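Read through the structure below, which is laid out as structure tokens, and then see the notes.
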Amino acid sequence: MEENVAKKEEILQQAENVTKIEDIEKQVAELQTQMESISKNTAENKISIIVFSGDLDKVLAAFVIATGSVAMGLDVVMFFTFWGTPILRDNEKKVDGKDFMGKMFGTMLPKGTGSVKLSKMNMAGMGTAMMKSLMKKKNVASLEQMLELSGELGVRIFICEMSMDLMGFKREEMIDYPNLTFCGVATFLEEAKGSKVQLFI
Amino acid sequence: MEENVAKKEEILQQAENVTKIEDIEKQVAELQTQMESISKNTAENKISIIVFSGDLDKVLAAFVIATGSVAMGLDVVMFFTFWGTPILRDNEKKVDGKDFMGKMFGTMLPKGTGSVKLSKMNMAGMGTAMMKSLMKKKNVASLEQMLELSGELGVRIFICEMSMDLMGFKREEMIDYPNLTFCGVATFLEEAKGSKVQLFI
Amino acid sequence: MEENVAKKEEILQQAENVTKIEDIEKQVAELQTQMESISKNTAENKISIIVFSGDLDKVLAAFVIATGSVAMGLDVVMFFTFWGTPILRDNEKKVDGKDFMGKMFGTMLPKGTGSVKLSKMNMAGMGTAMMKSLMKKKNVASLEQMLELSGELGVRIFICEMSMDLMGFKREEMIDYPNLTFCGVATFLEEAKGSKVQLFI
């Protein structure tokens with residue numbers, strides 16, 4: 001008799017175990033699905049910087065942040081648009097076949113990192129020259145050096161095609177840079193939304 | 001005898017199973033709690049843009065990013081504050097009862113998207129006119145078109161009440177826009193902290 | 001006979017249970033590892049603001065956002081760099097031993113919150129005075145009040161050492177503030193990448 005009771009209990013327990021295991025399996029599967037969707041949704045160890053400004057001080061800040069981010073193990077994407085675009089023109093390269101507007105913008109906008117000015121206290125170039133001399137004295141890298149360093153560190157640079165089109169710049173007149181891409185705002189946004197940090201400079 | 005040993009082992013195994021199942025159940029429950037809290041904490045597929053600037057180039061960039069974000073499936077919130085506020089005034093609407101300061105600001109600040117100027121190279125309006133003509137030629141949407149498109153695409157626009165109060169603007173003189181909200185910084189921050197991307201333009 | 005079949009089935013079921021439990025244990029352990037890594041990777045309830053600008057309107061916006069964020073339960077870090085740095089100089093403190101450049105920058109840049117100007121419509125100080133009088137009238141806190149409030153609310157302020165070095169500022173001439181840290185870009189990025197919101201102002 002007693003044995004039979006024990007037997008029954010054992011069978012009941014077994015059945016309960018089977019039910020519980022099935023229940024847990026479902027919950028674990030559900031958790032795995034959720035985990036996958038969250039993982040896909042989680043920002044990568046990446047920083048995306050929009051360089052809209054063409055001012056020496058701001059572009060410098062962008063590069064200090066960019067190179068500093070690489071040092072901290074972050075993947076870096078810089079998106080040069082509007083006033084930031086002319087900075088990436090190569091001073092040595094010449095292009096023909098521009099229309100009137102293109103020539104005008106081409107002449108009026110700074111060509112390359114060397115001709116970029118301060119946003120404030122430029123004072124007909126004196127402030128900018130002062131700042132550059134100070135940067136040299138204080139061992140702060142120049143824009144040229146920053147750009148070279150960024151290339152070596154694997155910072156990716158995107159150039160906004162709409163800005164280039166608006167200002168009449170051609171691909172052939174832009175700098176040689178290891179990780180240069182010409183793209184639209186969508187490509188940038190794709191990078192930005194998967195980044196931990198985004199800055200509009 | 002042998003049968004008894006097997007029996008005992010079976011019972012022990014059964015007991016172990018029960019313990020293990022209970023243990024797993026606790027762990028799964030714990031994981032579910034953690035998952036819930038992480039899900040709540042995860043940024044939504046949303047971009048929040050503070051439009052602080054009132055410059056044609058920057059506001060244009062804000063709208064290019066906003067409409068581009070919608071195209072990529074992101075929910076978009078724009079928060080117009082300070083110099084960005086006067087852009088959203090309706091050129092056709094007139095309001096009475098402003099005090100001296102309000103009238104002064106009202107006259108000095110651009111009224112609506114049509115009177116917005118470039119941050120650089122404005123050159124007494126020539127640069128701005130040039131840029132607008134270029135945008136037309138290159139098929140880049142004007143600010144007016146951008147604003148209309150944003151409304152159709154469901155971009156939500158928030159106007160900073162503190163800025164309106166400071167500049168003496170009244171609600172009646174602002175544009176008609178499908179998703180317009182007057183609010184404070186807290187409402188914006190609530191949106192921003194749940195967004196994947198935030199920009200201060 | 002029948003009993004033996006039942007017996008066998010029971011033993012098989014038991015064996016299957018053991019296998020399933022082991023399998024589930026592995027999956028749960030895997031989920032726990034993933035959960036831990038995601039938790040570490042999730043942004044904290046924090047906002048990081050780079051105050052690059054030294055304009056009254058922008059710095060004011062930075063402080064409105066900073067104090068508003070505290071009110072919403074966010075931890076706040078402000079990183080003052082470049083033109084933002086001179087704002088944090090104490091008007092009462094004097095320092096000796098500056099070189100020529102340091103003296104020049106020291107004189108030309110605004111000293112403290114009282115001498116900060118609007119980015120637009122400064123009009124030789126008239127616009128700035130007008131805005132300040134308006135802010136008072138409309139009960140908007142002044143920069144001085146904002147700074148004091150921020151200190152009381154536990155807003156942490158970081159000052160960029162590279163900027164201080166470039167502009168020749170010394171630690172002794174900066175304001176007394178409860179949570180003041182002198183640091184480089186790396187320290188700031190560490191905070192920024194763990195924040196839900198980051199702004200470059």
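To be explicit about the labels: the chains of the structure tokens are called A, B, and onward in the order shown, and within each one the residues are counted from 1, while ligands get numbers from 1 in the order they are shown.
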
Item to check | chain C contacts on chain A, only C-alpha atoms, 6 Å, as a VMD selection string | outcome: chain A and resid 196 to 197 199

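Once B:Val140 and its same-chain neighbours fewer than 6 positions away are set aside, Glu161, Met162, Ser163, Asp165 and Leu166 of chain A; Leu60, Ala61, Phe63, Val64, Met131, Lys132, Ser133, Leu134 and Met146 of chain B remain within 12 Å of it when counting only C-alpha atoms.
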
Write out, as a PDB file, in the first residue's frame, the residues just selected, with N, CA, C and O atoms.
ATOM      1  N   GLU A 161      27.379  64.820 -49.968  1.00  0.00           N
ATOM      2  CA  GLU A 161      27.297  65.068 -51.410  1.00  0.00           C
ATOM      3  C   GLU A 161      26.417  66.268 -51.745  1.00  0.00           C
ATOM      4  O   GLU A 161      26.697  66.980 -52.700  1.00  0.00           O
ATOM      5  N   MET A 162      25.359  66.485 -50.951  1.00  0.00           N
ATOM      6  CA  MET A 162      24.481  67.621 -51.219  1.00  0.00           C
ATOM      7  C   MET A 162      25.259  68.933 -51.073  1.00  0.00           C
ATOM      8  O   MET A 162      25.117  69.844 -51.883  1.00  0.00           O
ATOM      9  N   SER A 163      26.094  69.012 -50.037  1.00  0.00           N
ATOM     10  CA  SER A 163      26.900  70.223 -49.833  1.00  0.00           C
ATOM     11  C   SER A 163      27.866  70.421 -50.990  1.00  0.00           C
ATOM     12  O   SER A 163      28.043  71.533 -51.496  1.00  0.00           O
ATOM     13  N   ASP A 165      27.574  69.376 -53.994  1.00  0.00           N
ATOM     14  CA  ASP A 165      26.796  69.749 -55.166  1.00  0.00           C
ATOM     15  C   ASP A 165      26.409  71.230 -55.099  1.00  0.00           C
ATOM     16  O   ASP A 165      26.558  71.980 -56.063  1.00  0.00           O
ATOM     17  N   LEU A 166      25.948  71.656 -53.913  1.00  0.00           N
ATOM     18  CA  LEU A 166      25.530  73.051 -53.724  1.00  0.00           C
ATOM     19  C   LEU A 166      26.690  74.018 -53.965  1.00  0.00           C
ATOM     20  O   LEU A 166      26.525  75.053 -54.591  1.00  0.00           O
TER      21      LEU A 166
ATOM     22  N   LEU B  60      18.298  74.766 -42.241  1.00  0.00           N
ATOM     23  CA  LEU B  60      18.185  73.886 -43.395  1.00  0.00           C
ATOM     24  C   LEU B  60      18.766  72.503 -43.056  1.00  0.00           C
ATOM     25  O   LEU B  60      18.155  71.471 -43.337  1.00  0.00           O
ATOM     26  N   ALA B  61      19.945  72.518 -42.447  1.00  0.00           N
ATOM     27  CA  ALA B  61      20.575  71.251 -42.047  1.00  0.00           C
ATOM     28  C   ALA B  61      19.653  70.485 -41.103  1.00  0.00           C
ATOM     29  O   ALA B  61      19.487  69.266 -41.231  1.00  0.00           O
ATOM     30  N   PHE B  63      16.409  70.552 -40.967  1.00  0.00           N
ATOM     31  CA  PHE B  63      15.286  69.963 -41.700  1.00  0.00           C
ATOM     32  C   PHE B  63      15.734  68.816 -42.619  1.00  0.00           C
ATOM     33  O   PHE B  63      14.991  67.851 -42.799  1.00  0.00           O
ATOM     34  N   VAL B  64      16.923  68.934 -43.185  1.00  0.00           N
ATOM     35  CA  VAL B  64      17.437  67.837 -44.019  1.00  0.00           C
ATOM     36  C   VAL B  64      17.587  66.586 -43.147  1.00  0.00           C
ATOM     37  O   VAL B  64      17.189  65.481 -43.529  1.00  0.00           O
ATOM     38  N   MET B 131      22.628  81.659 -52.278  1.00  0.00           N
ATOM     39  CA  MET B 131      22.418  80.301 -51.782  1.00  0.00           C
ATOM     40  C   MET B 131      21.012  79.816 -52.133  1.00  0.00           C
ATOM     41  O   MET B 131      20.825  78.681 -52.574  1.00  0.00           O
ATOM     42  N   LYS B 132      20.030  80.713 -51.977  1.00  0.00           N
ATOM     43  CA  LYS B 132      18.656  80.309 -52.282  1.00  0.00           C
ATOM     44  C   LYS B 132      18.493  79.984 -53.760  1.00  0.00           C
ATOM     45  O   LYS B 132      17.816  79.022 -54.127  1.00  0.00           O
ATOM     46  N   SER B 133      19.125  80.804 -54.607  1.00  0.00           N
ATOM     47  CA  SER B 133      19.000  80.572 -56.051  1.00  0.00           C
ATOM     48  C   SER B 133      19.683  79.247 -56.393  1.00  0.00           C
ATOM     49  O   SER B 133      19.210  78.455 -57.209  1.00  0.00           O
ATOM     50  N   LEU B 134      20.837  79.007 -55.751  1.00  0.00           N
ATOM     51  CA  LEU B 134      21.562  77.750 -55.960  1.00  0.00           C
ATOM     52  C   LEU B 134      20.722  76.553 -55.545  1.00  0.00           C
ATOM     53  O   LEU B 134      20.646  75.542 -56.253  1.00  0.00           O
ATOM     54  N   MET B 146      10.490  72.487 -46.981  1.00  0.00           N
ATOM     55  CA  MET B 146      10.952  71.560 -45.938  1.00  0.00           C
ATOM     56  C   MET B 146       9.944  71.491 -44.791  1.00  0.00           C
ATOM     57  O   MET B 146       9.638  70.427 -44.267  1.00  0.00           O
TER      58      MET B 146
END

Next on the checklist: Please return, as a ChimeraX atom specification, all residues of stretch 12-64 of chain C that DSSP assigns to strand (DSSP E) on the basis of the backbone.
Outcome noted: /C:44-51

Item to check | Nearby residues (only C-alpha atoms) at most 12 Å from B:Glu92, same-chain spacing under 6 positions excluded, as a PyMOL selection string | outcome: chain B and resi 111-114+172-176

Create the file for the chosen residues now, containing all heavy atoms and written as an mmCIF file, in the first residue's frame.
data_model
loop_
_atom_site.group_PDB
_atom_site.id
_atom_site.type_symbol
_atom_site.label_atom_id
_atom_site.label_comp_id
_atom_site.auth_asym_id
_atom_site.auth_seq_id
_atom_site.Cartn_x
_atom_site.Cartn_y
_atom_site.Cartn_z
ATOM 1 N N LYS B 111 10.911 87.187 -39.607
ATOM 2 C CA LYS B 111 9.545 86.713 -39.426
ATOM 3 C C LYS B 111 9.279 85.603 -40.435
ATOM 4 O O LYS B 111 9.087 85.872 -41.619
ATOM 5 C CB LYS B 111 8.561 87.873 -39.611
ATOM 6 C CG LYS B 111 7.168 87.524 -39.130
ATOM 7 C CD LYS B 111 6.305 88.749 -38.957
ATOM 8 C CE LYS B 111 4.930 88.353 -38.425
ATOM 9 N NZ LYS B 111 4.043 89.495 -38.276
ATOM 10 N N GLY B 112 9.280 84.368 -39.994
ATOM 11 C CA GLY B 112 8.995 83.240 -40.875
ATOM 12 C C GLY B 112 10.209 82.767 -41.637
ATOM 13 O O GLY B 112 11.291 83.366 -41.577
ATOM 14 N N THR B 113 10.006 81.674 -42.356
ATOM 15 C CA THR B 113 11.089 81.013 -43.073
ATOM 16 C C THR B 113 11.668 81.858 -44.210
ATOM 17 O O THR B 113 12.807 81.658 -44.617
ATOM 18 C CB THR B 113 10.571 79.699 -43.690
ATOM 19 O OG1 THR B 113 9.333 79.979 -44.345
ATOM 20 C CG2 THR B 113 10.327 78.651 -42.623
ATOM 21 N N GLY B 114 10.890 82.812 -44.716
ATOM 22 C CA GLY B 114 11.349 83.566 -45.875
ATOM 23 C C GLY B 114 12.452 84.563 -45.577
ATOM 24 O O GLY B 114 13.238 84.929 -46.450
ATOM 25 N N GLU B 172 -0.752 83.167 -31.159
ATOM 26 C CA GLU B 172 -1.579 83.473 -32.334
ATOM 27 C C GLU B 172 -0.761 83.870 -33.553
ATOM 28 O O GLU B 172 -1.266 83.862 -34.667
ATOM 29 C CB GLU B 172 -2.557 84.622 -32.036
ATOM 30 C CG GLU B 172 -3.413 84.426 -30.804
ATOM 31 C CD GLU B 172 -2.731 84.981 -29.566
ATOM 32 O OE1 GLU B 172 -2.687 86.197 -29.406
ATOM 33 O OE2 GLU B 172 -2.242 84.150 -28.766
ATOM 34 N N GLU B 173 0.496 84.262 -33.344
ATOM 35 C CA GLU B 173 1.261 84.690 -34.517
ATOM 36 C C GLU B 173 2.148 83.582 -35.082
ATOM 37 O O GLU B 173 2.869 83.800 -36.059
ATOM 38 C CB GLU B 173 2.106 85.932 -34.191
ATOM 39 C CG GLU B 173 3.131 85.725 -33.097
ATOM 40 C CD GLU B 173 3.900 87.025 -32.762
ATOM 41 O OE1 GLU B 173 4.434 87.647 -33.695
ATOM 42 O OE2 GLU B 173 3.955 87.380 -31.569
ATOM 43 N N MET B 174 2.083 82.396 -34.487
ATOM 44 C CA MET B 174 2.917 81.300 -34.982
ATOM 45 C C MET B 174 2.211 80.577 -36.133
ATOM 46 O O MET B 174 1.003 80.681 -36.312
ATOM 47 C CB MET B 174 3.228 80.312 -33.851
ATOM 48 C CG MET B 174 3.878 80.934 -32.613
ATOM 49 S SD MET B 174 5.230 82.129 -32.918
ATOM 50 C CE MET B 174 6.658 81.007 -32.989
ATOM 51 N N ILE B 175 3.005 79.850 -36.918
ATOM 52 C CA ILE B 175 2.485 79.154 -38.103
ATOM 53 C C ILE B 175 1.446 78.089 -37.737
ATOM 54 O O ILE B 175 1.414 77.602 -36.616
ATOM 55 C CB ILE B 175 3.605 78.435 -38.887
ATOM 56 C CG1 ILE B 175 4.410 77.504 -37.935
ATOM 57 C CG2 ILE B 175 4.513 79.405 -39.573
ATOM 58 C CD1 ILE B 175 5.181 76.430 -38.652
ATOM 59 N N ASP B 176 0.602 77.737 -38.712
ATOM 60 C CA ASP B 176 -0.279 76.581 -38.565
ATOM 61 C C ASP B 176 0.543 75.367 -38.973
ATOM 62 O O ASP B 176 1.112 75.338 -40.066
ATOM 63 C CB ASP B 176 -1.485 76.720 -39.493
ATOM 64 C CG ASP B 176 -2.285 77.969 -39.145
ATOM 65 O OD1 ASP B 176 -2.574 78.171 -37.946
ATOM 66 O OD2 ASP B 176 -2.583 78.756 -40.066
#
